[in-house]
$ cat protein_27.txt   # compact mmCIF, C-alpha atoms
# COMPACT_ATOMS: atom_id res chain seq x y z
CA MET A 1 89.56 122.24 133.75
CA GLU A 2 86.67 120.87 135.84
CA GLY A 3 87.31 117.40 134.48
CA MET A 4 90.96 117.67 135.35
CA ARG A 5 90.14 118.58 138.95
CA ASN A 6 87.94 115.51 139.40
CA ARG A 7 90.33 112.96 137.93
CA PRO A 8 91.22 110.21 140.43
CA TRP A 9 94.72 109.82 141.83
CA SER A 10 95.06 106.51 140.01
CA ASP A 11 95.09 108.42 136.68
CA LEU A 12 98.34 110.22 137.41
CA GLN A 13 100.89 109.68 134.66
CA PRO A 14 103.79 107.28 135.36
CA GLU A 15 106.26 110.13 134.83
CA LEU A 16 104.68 112.11 137.68
CA LEU A 17 104.64 109.07 139.96
CA SER A 18 108.33 108.54 139.23
CA MET A 19 109.11 112.16 140.14
CA ILE A 20 107.15 111.84 143.38
CA SER A 21 108.96 108.62 144.31
CA THR A 22 112.34 110.36 144.23
CA ARG A 23 111.13 112.59 147.07
CA LEU A 24 110.23 109.69 149.35
CA HIS A 25 113.06 109.34 151.84
CA THR A 26 111.79 106.81 154.41
CA ARG A 27 110.22 103.36 154.24
CA MET A 28 107.08 104.76 155.86
CA ASP A 29 106.81 107.30 153.03
CA VAL A 30 107.09 104.49 150.51
CA LEU A 31 104.56 102.26 152.31
CA ARG A 32 101.98 105.05 152.48
CA PHE A 33 102.58 105.96 148.83
CA ARG A 34 102.11 102.34 147.75
CA SER A 35 98.92 102.09 149.83
CA VAL A 36 97.05 104.71 147.78
CA CYS A 37 96.03 102.44 144.91
CA SER A 38 97.28 99.68 142.61
CA SER A 39 98.85 102.08 140.08
CA PHE A 40 100.83 103.80 142.84
CA ARG A 41 101.89 100.44 144.23
CA SER A 42 103.07 99.14 140.86
CA SER A 43 104.99 102.33 140.05
CA ILE A 44 107.76 101.81 142.61
CA PRO A 45 109.22 98.71 144.26
CA LEU A 46 109.29 98.13 147.98
CA PRO A 47 112.84 99.10 149.05
CA ALA A 48 114.99 96.48 150.72
CA PRO A 49 115.29 97.07 154.48
CA LEU A 50 118.63 98.36 155.69
CA VAL A 51 118.51 96.38 158.93
CA PRO A 52 119.80 94.11 160.22
CA LEU A 53 123.18 95.13 158.80
CA ARG A 54 126.12 93.16 160.18
CA ILE A 55 129.22 95.14 161.19
CA PRO A 56 132.29 92.93 161.75
CA CYS A 57 134.26 93.76 164.90
CA SER A 58 137.52 92.07 165.75
CA PRO A 59 138.29 91.31 168.49
CA GLY A 60 134.80 90.84 169.90
CA PRO A 61 131.39 89.81 168.57
CA ASP A 62 129.89 91.31 165.43
CA LEU A 63 127.46 94.20 165.80
CA PHE A 64 124.11 94.60 164.03
CA LEU A 65 122.54 97.89 163.02
CA ARG A 66 118.98 98.69 164.12
CA GLU A 67 116.80 101.50 162.83
CA SER A 68 113.89 103.51 164.25
CA THR A 69 112.19 106.68 163.07
CA VAL A 70 110.69 109.38 165.28
CA TYR A 71 107.36 110.61 163.89
CA ASN A 72 104.87 113.29 164.75
CA LEU A 73 101.50 111.51 164.54
CA GLU A 74 98.25 113.43 164.18
CA MET A 75 94.95 111.58 164.45
CA PRO A 76 91.71 112.80 162.81
CA ALA A 77 89.67 115.10 165.06
CA ASP A 78 86.88 112.56 165.52
CA GLY A 79 89.38 109.99 166.76
CA ALA A 80 91.03 112.21 169.34
CA ALA A 81 90.49 111.99 173.09
CA SER A 82 89.98 115.17 175.13
CA GLY A 83 90.79 117.24 172.04
CA ARG A 84 94.39 115.97 172.02
CA ALA A 85 95.39 114.54 168.68
CA ARG A 86 99.17 114.89 168.23
CA TRP A 87 102.12 113.14 169.83
CA LEU A 88 105.62 111.85 169.24
CA ALA A 89 106.34 108.17 168.77
CA LYS A 90 109.22 106.00 167.58
CA LEU A 91 108.40 103.40 164.94
CA GLU A 92 110.76 100.46 164.69
CA GLU A 93 110.56 97.94 161.87
CA SER A 94 111.89 94.44 162.40
CA GLU A 95 113.64 92.35 159.75
CA PHE A 96 110.30 90.55 159.21
CA GLY A 97 108.43 93.78 158.42
CA ASP A 98 106.53 94.13 161.69
CA MET A 99 106.16 97.63 163.14
CA ARG A 100 106.58 98.42 166.83
CA ILE A 101 105.67 101.72 168.40
CA ARG A 102 107.70 103.03 171.32
CA PRO A 103 107.53 106.25 173.33
CA PRO A 104 110.25 108.88 172.76
CA PHE A 105 111.71 108.08 176.19
CA GLY A 106 112.12 104.50 177.29
CA SER A 107 112.76 101.27 175.41
CA LEU A 108 109.91 98.86 176.22
CA PRO A 109 107.70 98.06 173.22
CA LEU A 110 104.13 99.30 173.66
CA GLU A 111 101.53 97.20 171.89
CA LEU A 112 97.77 96.84 172.40
CA PRO A 113 95.07 95.64 169.97
CA LEU A 114 94.01 99.04 168.55
CA VAL A 115 94.88 99.41 164.84
CA PHE A 116 94.78 102.57 162.77
CA ASP A 117 94.84 103.27 159.05
CA SER A 118 98.09 105.06 158.22
CA LEU A 119 96.41 106.83 155.30
CA LYS A 120 94.04 108.57 157.71
CA VAL A 121 96.77 109.69 160.10
CA ARG A 122 99.05 112.64 159.35
CA ILE A 123 102.55 111.23 159.78
CA MET A 124 105.53 113.59 159.74
CA GLY A 125 109.03 112.18 159.98
CA ILE A 126 111.21 114.00 162.51
CA CYS A 127 114.50 112.10 162.61
CA ARG A 128 116.09 108.71 162.19
CA GLU A 129 117.56 106.83 165.15
CA TYR A 130 120.17 104.09 164.80
CA THR A 131 121.52 101.72 167.43
CA LEU A 132 123.99 98.84 167.47
CA GLY A 133 123.14 95.52 169.09
CA TYR A 134 124.26 91.93 169.38
CA GLY A 135 122.67 88.70 168.19
CA GLY A 136 121.59 89.36 164.62
CA GLY A 137 119.75 92.52 165.57
CA THR A 138 117.49 90.69 168.05
CA GLY A 139 119.81 90.77 171.05
CA GLY A 140 120.43 93.56 173.53
CA PRO A 141 122.03 96.89 172.62
CA VAL A 142 125.73 97.50 173.09
CA ARG A 143 126.19 98.83 176.59
CA GLY A 144 127.65 102.32 176.70
CA MET A 145 127.25 103.03 172.97
CA GLN A 146 126.74 106.79 172.67
CA LYS A 147 125.46 107.63 169.19
CA VAL A 148 125.15 106.06 165.73
CA VAL A 149 124.47 107.74 162.38
CA VAL A 150 124.33 106.34 158.84
CA HIS A 151 125.31 108.39 155.81
CA PRO A 152 123.97 108.76 153.20
CA ASP A 153 120.60 108.21 154.86
CA CYS A 154 117.94 107.62 152.21
CA VAL A 155 115.65 104.69 151.56
CA TRP A 156 116.82 104.46 147.92
CA THR A 157 120.56 104.52 148.71
CA ASP A 158 122.48 101.52 147.46
CA ARG A 159 123.58 99.48 150.48
CA HIS A 160 127.16 99.45 149.18
CA ARG A 161 127.37 103.24 149.69
CA TYR A 162 126.44 103.16 153.38
CA VAL A 163 128.92 104.32 156.01
CA VAL A 164 128.09 103.77 159.69
CA TYR A 165 129.61 106.26 162.14
CA PHE A 166 129.41 105.76 165.90
CA ILE A 167 130.85 106.86 169.23
CA ASP A 168 131.56 103.92 171.53
CA ASP A 169 131.63 103.61 175.32
CA GLU A 170 135.22 104.94 175.45
CA ARG A 171 134.25 108.07 173.48
CA LYS A 172 136.14 106.76 170.45
CA LEU A 173 134.87 107.98 167.09
CA CYS A 174 134.59 105.00 164.74
CA TYR A 175 133.32 104.31 161.25
CA TRP A 176 132.56 101.24 159.19
CA LYS A 177 132.25 101.33 155.42
CA PHE A 178 130.18 98.65 153.74
CA GLY A 179 132.45 95.75 152.81
CA ASP A 180 135.20 96.56 155.33
CA GLU A 181 136.40 93.67 157.47
CA ASN A 182 136.55 95.78 160.62
CA ARG A 183 135.71 99.22 161.97
CA SER A 184 138.22 102.08 161.89
CA HIS A 185 138.97 104.73 164.52
CA LEU A 186 139.27 108.48 164.07
CA GLY A 187 140.18 109.59 167.59
CA ARG A 188 138.98 109.85 171.19
CA GLY A 189 137.09 112.33 173.32
CA TYR A 190 133.99 112.76 171.16
CA GLU A 191 130.54 113.27 172.65
CA ASP A 192 127.96 113.52 169.86
CA ILE A 193 127.56 113.07 166.13
CA VAL A 194 124.93 114.37 163.71
CA VAL A 195 124.32 114.96 159.99
CA TYR A 196 124.19 118.68 159.23
CA GLN A 197 123.95 120.23 155.76
CA GLY A 198 124.64 116.82 154.22
CA LYS A 199 127.88 116.33 156.19
CA VAL A 200 128.65 114.21 159.23
CA CYS A 201 129.62 116.49 162.12
CA VAL A 202 131.03 115.55 165.53
CA VAL A 203 131.64 117.54 168.71
CA HIS A 204 134.73 116.97 170.83
CA LYS A 205 134.75 117.32 174.60
CA SER A 206 136.65 120.57 174.05
CA GLY A 207 133.58 122.00 172.31
CA VAL A 208 135.07 122.04 168.80
CA VAL A 209 132.79 120.75 166.04
CA SER A 210 134.44 119.01 163.07
CA ARG A 211 133.22 117.67 159.76
CA ILE A 212 134.21 114.27 158.41
CA ASP A 213 135.11 114.55 154.73
CA SER A 214 134.86 111.87 152.03
CA SER A 215 138.38 110.63 152.81
CA PHE A 216 137.47 110.26 156.52
CA LYS A 217 139.56 113.22 157.62
CA LEU A 218 138.37 115.56 160.38
CA GLN A 219 138.09 119.23 159.42
CA SER A 220 137.49 121.81 162.14
CA PHE A 221 134.14 123.48 161.56
CA SER A 222 133.73 125.77 164.57
CA PRO A 223 135.64 127.41 167.42
CA PRO A 224 135.36 125.79 170.85
CA ILE A 225 132.34 126.52 172.99
CA ASP A 226 133.77 128.82 175.67
CA GLY A 227 130.63 129.58 177.66
CA CYS A 228 131.08 126.66 180.09
CA SER A 229 134.30 127.47 181.86
CA CYS A 230 133.46 126.02 185.28
CA LEU A 231 135.12 122.88 186.61
CA ARG A 232 131.95 120.82 186.58
CA ARG A 233 131.49 117.98 184.14
CA HIS A 234 129.79 118.76 180.85
CA LEU A 235 128.31 116.64 178.10
CA LYS A 236 127.53 118.22 174.74
CA HIS A 237 124.70 117.35 172.36
CA LEU A 238 124.27 118.53 168.77
CA VAL A 239 120.78 119.50 167.57
CA VAL A 240 119.73 120.68 164.11
CA SER A 241 116.78 123.09 164.17
CA SER A 242 115.41 125.20 161.29
CA GLY A 243 118.63 124.79 159.33
CA ASP A 244 120.89 125.93 162.19
CA LEU A 245 123.29 123.88 164.27
CA TYR A 246 122.91 124.08 168.05
CA ALA A 247 125.07 122.70 170.83
CA VAL A 248 123.44 121.90 174.16
CA ALA A 249 125.93 121.70 177.04
CA ARG A 250 124.55 119.55 179.84
CA CYS A 251 126.29 120.43 183.10
CA PHE A 252 126.10 118.18 186.15
CA THR A 253 125.56 120.49 189.11
CA HIS A 254 126.20 117.93 191.85
CA PHE A 255 128.55 115.03 192.28
CA GLY A 256 127.25 112.13 190.24
CA MET A 257 124.50 112.71 187.66
CA SER A 258 121.51 113.67 189.79
CA GLU A 259 121.01 117.36 188.88
CA TRP A 260 121.64 119.09 185.58
CA ASP A 261 121.93 122.57 184.17
CA PHE A 262 121.75 123.32 180.44
CA ARG A 263 123.33 125.94 178.20
CA VAL A 264 122.28 126.29 174.57
CA TYR A 265 124.49 127.72 171.82
CA ARG A 266 123.78 128.43 168.16
CA LEU A 267 126.57 128.38 165.60
CA ASP A 268 126.82 131.67 163.70
CA GLN A 269 128.71 130.54 160.60
CA GLN A 270 129.08 134.06 159.19
CA CYS A 271 130.81 135.36 162.30
CA GLY A 272 132.48 132.06 163.09
CA ARG A 273 131.37 131.94 166.73
CA TRP A 274 128.89 130.34 169.12
CA GLU A 275 126.06 132.52 170.38
CA GLU A 276 124.45 131.58 173.69
CA MET A 277 120.67 131.40 173.44
CA ARG A 278 118.57 132.70 176.33
CA SER A 279 115.40 131.26 174.82
CA LEU A 280 114.38 128.63 172.26
CA GLY A 281 111.26 130.54 171.29
CA ASN A 282 108.52 128.11 170.34
CA SER A 283 110.91 125.20 169.75
CA ALA A 284 111.24 122.14 171.95
CA PHE A 285 114.56 120.25 171.97
CA PHE A 286 114.58 116.51 172.66
CA LEU A 287 117.78 114.86 173.87
CA CYS A 288 117.13 111.12 173.81
CA LYS A 289 119.81 108.54 174.43
CA PHE A 290 120.40 107.72 170.77
CA CYS A 291 119.06 110.75 168.90
CA SER A 292 118.46 114.48 169.32
CA PHE A 293 115.94 116.61 167.45
CA ALA A 294 113.85 119.79 167.57
CA VAL A 295 110.12 120.27 166.99
CA SER A 296 107.88 123.32 167.03
CA ALA A 297 105.56 123.21 170.04
CA ASP A 298 102.69 124.24 167.74
CA GLU A 299 102.90 120.79 166.15
CA LEU A 300 102.64 118.83 169.42
CA ASP A 301 100.33 118.25 172.35
CA TRP A 302 101.65 117.75 175.88
CA TYR A 303 104.96 119.45 175.10
CA GLU A 304 105.81 123.13 175.63
CA GLY A 305 108.08 125.41 173.66
CA ASP A 306 111.30 126.95 175.02
CA CYS A 307 112.03 123.66 176.81
CA ILE A 308 114.59 120.88 176.63
CA TYR A 309 113.31 117.34 177.16
CA CYS A 310 116.20 115.13 178.17
CA ALA A 311 116.30 111.41 178.95
CA LYS A 312 117.39 110.77 182.54
CA TRP A 313 119.13 107.67 183.83
CA VAL A 314 116.94 105.72 186.26
CA HIS A 315 119.21 103.67 188.52
CA SER A 316 116.43 101.44 189.84
CA ARG A 317 115.51 100.35 186.30
CA GLY A 318 118.91 100.63 184.70
CA SER A 319 117.48 102.51 181.74
CA TRP A 320 117.28 105.97 180.19
CA ASP A 321 113.58 106.67 180.23
CA LYS A 322 112.60 109.28 182.82
CA PRO A 323 112.57 112.74 181.19
CA VAL A 324 113.85 115.95 182.69
CA VAL A 325 112.18 119.12 181.39
CA PHE A 326 114.31 122.26 181.48
CA ASN A 327 112.79 125.65 180.71
CA VAL A 328 115.57 127.65 179.02
CA ALA A 329 114.26 131.17 179.65
CA GLU A 330 113.31 130.55 183.28
CA ARG A 331 116.30 128.27 184.07
CA ARG A 332 113.91 125.84 185.75
CA ARG A 333 113.91 122.02 185.96
CA GLU A 334 110.89 119.75 186.26
CA TYR A 335 110.55 115.99 186.52
CA PRO A 336 107.11 115.16 185.08
CA ASP A 337 105.62 111.70 185.01
CA PHE A 338 104.32 111.00 181.50
CA SER A 339 103.44 107.37 182.27
CA GLY A 340 99.84 108.19 183.25
CA SER A 341 99.09 110.78 180.60
CA TRP A 342 96.54 110.41 177.82
CA GLU A 343 99.37 110.52 175.32
CA MET A 344 101.13 107.47 176.66
CA ARG A 345 97.91 105.48 176.90
CA ILE A 346 97.14 106.22 173.26
CA ILE A 347 100.66 105.26 172.16
CA CYS A 348 100.34 102.02 174.13
CA GLY A 349 97.20 101.26 172.19
CA MET A 350 98.55 101.66 168.67
CA HIS A 351 99.86 98.94 166.39
CA LEU A 352 100.45 99.34 162.66
CA LEU A 353 99.16 96.82 160.15
CA ARG A 354 102.15 95.03 158.67
CA SER A 355 100.36 94.49 155.34
CA TYR A 356 100.04 98.16 154.30
CA GLY A 357 101.62 98.72 150.89
CA LYS A 358 103.45 95.41 150.93
CA SER A 359 101.47 93.26 148.53

$ encode --input "protein_27.txt" --output "structure tokens"
Amino acid sequence: MEGMRNRPWSDLQPELLSMISTRLHTRMDVLRFRSVCSSFRSSIPLPAPLVPLRIPCSPGPDLFLRESTVYNLEMPADGAASGRARWLAKLEESEFGDMRIRPPFGSLPLELPLVFDSLKVRIMGICREYTLGYGGGTGGPVRGMQKVVVHPDCVWTDRHRYVVYFIDDERKLCYWKFGDENRSHLGRGYEDIVVYQGKVCVVHKSGVVSRIDSSFKLQSFSPPIDGCSCLRRHLKHLVVSSGDLYAVARCFTHFGMSEWDFRVYRLDQQCGRWEEMRSLGNSAFFLCKFCSFAVSADELDWYEGDCIYCAKWVHSRGSWDKPVVFNVAERRREYPDFSGSWEMRIICGMHLLRSYGKS
């Protein structure tokens, strides 16, 4: 038994390595797995990148799919500054294999000379973010595009099985199946889209959530959200947290988009109704422009539980990068400036080695 405990990782049987590889769902998982040793690297191939994936659109120019992943990064204790070691970051891989690190809010790439070893950093995948852009994936994003999801979403999925779903600037729900000559439309008035329990779900402006089945038919999945009955404008976001589906209704309290109120609802599938939540407990919800996700505050520094972090439109910059923080229990808004925090300086200083696990 003692000899078994001290055996190196490189002695693992090929059958075990094959079983482990089936549980690797992202390219980062695969790269880190292949970086362990030569036997790990030779046991599985490097998966072909999904992006850029061309989506024909007629009339109009073709669109190209881009992919980012939001990670929770935790540095070793001896490499942390001021005792802070954990933060959120978006990692975006180009078609050439380079990695860029971006903050959760904002779109400018942040790169400085500091390099870290991914095997010494605890990296937890939070969610995948997809966007559509022009120019072979190197041009600007499509203006007004609301949300993009890809299903099935696994690094080992055959490209021919991919379906891209998106909500465009006119709130039209569209999909494109690999090999189609053009996108197809499923209706108007949709505000968000997410994958929940292995199914693609969308929320209509009426507050009804529907599933999209394998024949691309919409099936009603929930009653309408009836808690927001005022005449003010609302925008609804879908968030999956701890296996439950939540809807966050963002209400604009003044003319224009300057001040917001938030209402959070959890879908009770047994009772078939939405339950308004007065608190998120220790969870923090993040409503970014192209993705929404939830994280326990215990796993993060600089972020508090029972709060919604929402990207805010900055007119002077023309971008969605200034966060609004809304405390759900206290019904209180704050507008913090993260640009000068330790967290942002560390993110600015990180750049991943492109060679890890690729030779």

$ atom_distance --input "protein_27.txt" --atom1 "atom CA of Lys205 of chain A" --atom2 "atom CA of Ile193 of chain A"
11.9 Å

$ closest_residue --input "protein_27.txt" --among "A:Lys199, A:Arg278, A:Lys217, A:Arg159" --to "Cys174 of chain A" --atoms "all atoms listed in the file"
A:Lys217

$ atom_distance --input "protein_27.txt" --atom1 "atom CA of Gln146 of chain A" --atom2 "atom CA of Glu275 of chain A"
25.8 Å

$ closest_residue --input "protein_27.txt" --among "A:Cys127, A:Ala284, A:Ile44, A:Val325" --to "Tyr71 of chain A" --atoms "only C-alpha atoms"
A:Cys127

$ residues_around --input "protein_27.txt" --residues "Pro45 of chain A" --least-positions-apart "6" --cutoff "10 Å" --atoms "only C-alpha atoms" --output "PDB file with C-alpha atoms, in the coordinates of the input"
ATOM      1  CA  SER A  21     108.960 108.620 144.310  1.00  0.00           C
ATOM      2  CA  VAL A  30     107.090 104.490 150.510  1.00  0.00           C
ATOM      3  CA  LEU A  31     104.560 102.260 152.310  1.00  0.00           C
ATOM      4  CA  ARG A  34     102.110 102.340 147.750  1.00  0.00           C
ATOM      5  CA  LYS A 358     103.450  95.410 150.930  1.00  0.00           C
TER       6      LYS A 358
END

$ atom_distance --input "protein_27.txt" --atom1 "atom CA of Pro152 of chain A" --atom2 "atom CA of Arg183 of chain A"
17.5 Å

$ closest_residue --input "protein_27.txt" --among "A:Val202, A:Cys310, A:Leu300, A:Leu17" --to "Leu88 of chain A" --atoms "only C-alpha atoms"
A:Leu300

$ residues_around --input "protein_27.txt" --residues "Tyr196 of chain A" --least-positions-apart "3" --cutoff "8 Å" --atoms "only C-alpha atoms" --output "JSON, numbers by chain"
{"A": [199, 200, 201, 240, 245]}

$ closest_residue --input "protein_27.txt" --among "A:Ala329, A:Leu63, A:Ile308, A:Val121" --to "Phe293 of chain A" --atoms "only C-alpha atoms"
A:Ile308
